[in-house]
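Visitor: Once you've had a glance at the structure underneath, I'll fire off some questions.
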Amino acid sequence: FIKYRFAVRHPQVALTKEINVGEINIFNWKGYESRLNDFTVSVIDANGTTTFSKVITTVQDESFTVNAGGAIGEIVKIQLNNSNFRRSF
């Protein structure tokens with residue numbers, strides 16, 4: 001079982017090899033839950049092909065799980081869809 005944590009400053013994790021990705025646990029800053037909205041979670045294989053992608057429009061909790069259904073990949077990426085996002089931590 002492999003668990004990785006993401007932060008806005010590190011929105012991508014490169015795994016050591018291709019694996020079947022099941023659950024992706026995403027942790028948000030407590031008190032800032034509304035700031036992590038409208039983003040895409042992707043699993044990318046060694047050839048650069050996206051094997052899983054899910055758009056998340058609204059997050060109400062400080063942590064949540066995305067089920068990638070066993071998608072094969074070596075990169076897990078979170079991409080904000082809103083280009084107007086500003087960091088102000």
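By order in the structure tokens, chains are A, B, ...; within a chain, residues start at 1; ligands start at 1, following the order shown.
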Pick out the residues sitting within 10 Å of Asn37 in chain A, and hand them over as a JSON list (two decimals) with N, CA and C atoms, in the first residue's frame; count only C-alpha atoms, and ignore anything fewer than 5 positions along from it in its own chain.
Guide:
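Output below, filename selection.json:
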```json
[["chain", "number", "residue", "atom", "x", "y", "z"],
["A", 55, "VAL", "N", -12.45, 15.23, -12.99],
["A", 55, "VAL", "CA", -12.59, 16.63, -12.63],
["A", 55, "VAL", "C", -13.37, 16.71, -11.33],
["A", 56, "ILE", "N", -12.82, 17.46, -10.38],
["A", 56, "ILE", "CA", -13.48, 17.69, -9.09],
["A", 56, "ILE", "C", -13.88, 19.17, -9.09],
["A", 57, "THR", "N", -15.17, 19.43, -8.94],
["A", 57, "THR", "CA", -15.62, 20.82, -8.99],
["A", 57, "THR", "C", -15.76, 21.47, -7.61],
["A", 58, "THR", "N", -16.15, 20.68, -6.61],
["A", 58, "THR", "CA", -16.37, 21.24, -5.28],
["A", 58, "THR", "C", -15.85, 20.28, -4.23],
["A", 59, "VAL", "N", -15.16, 20.82, -3.23],
["A", 59, "VAL", "CA", -14.66, 20.05, -2.10],
["A", 59, "VAL", "C", -15.20, 20.68, -0.83],
["A", 60, "GLN", "N", -15.80, 19.87, 0.03],
["A", 60, "GLN", "CA", -16.36, 20.39, 1.27],
["A", 60, "GLN", "C", -15.54, 20.00, 2.49],
["A", 80, "LEU", "N", -4.95, 22.41, -11.25],
["A", 80, "LEU", "CA", -6.04, 23.36, -11.06],
["A", 80, "LEU", "C", -6.57, 23.79, -12.42],
["A", 81, "ASN", "N", -7.88, 23.79, -12.58],
["A", 81, "ASN", "CA", -8.50, 24.19, -13.84],
["A", 81, "ASN", "C", -8.74, 25.69, -13.91],
["A", 82, "ASN", "N", -8.77, 26.34, -12.77],
["A", 82, "ASN", "CA", -9.04, 27.77, -12.71],
["A", 82, "ASN", "C", -7.73, 28.53, -12.83],
["A", 85, "PHE", "N", -6.41, 31.25, -10.12],
["A", 85, "PHE", "CA", -6.04, 30.88, -8.76],
["A", 85, "PHE", "C", -4.81, 31.66, -8.32]]
```
Visitor: Near Gly48 in chain A, counting only C-alpha atoms, which residues have an atom at most 10 Å away, once you skip same-chain residues fewer than 6 positions from it, shown as a VMD selection string?
Guide: chain A and resid 73 to 75
Visitor: Enter the distance from CA of Lys54 in chain A to CA of Val41 in chain A, in Å, rounded to one decimal.
Guide: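 CA of Val41 in chain A lies 5.4 Å from CA of Lys54 in chain A.
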Visitor: Looking at only C-alpha atoms, which of A:Thr49, A:Ile19, A:Val43, A:Glu62 is the one that sits closest to Gly31 in chain A?
Guide: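 Of A:Thr49, A:Ile19, A:Val43, A:Glu62, the one nearest Gly31 in chain A is A:Glu62, counting only C-alpha atoms.
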Visitor: Between A:Ile44, A:Arg35, A:Thr65, A:Phe52, which residue has the minimum interatomic distance to Glu23 in chain A, considering only C-alpha atoms?
Guide: A:Thr65
Visitor: Take CA of Val76 in chain A and CA of Ser42 in chain A and report the distance between them in Å, one decimal.
Guide: 5.7 Å
Visitor: Which value, in Å to one decimal, gives the distance between CA of Lys30 in chain A and CA of Asp61 in chain A?
Guide: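 According to the coordinates, CA of Lys30 in chain A and CA of Asp61 in chain A are separated by 8.4 Å.
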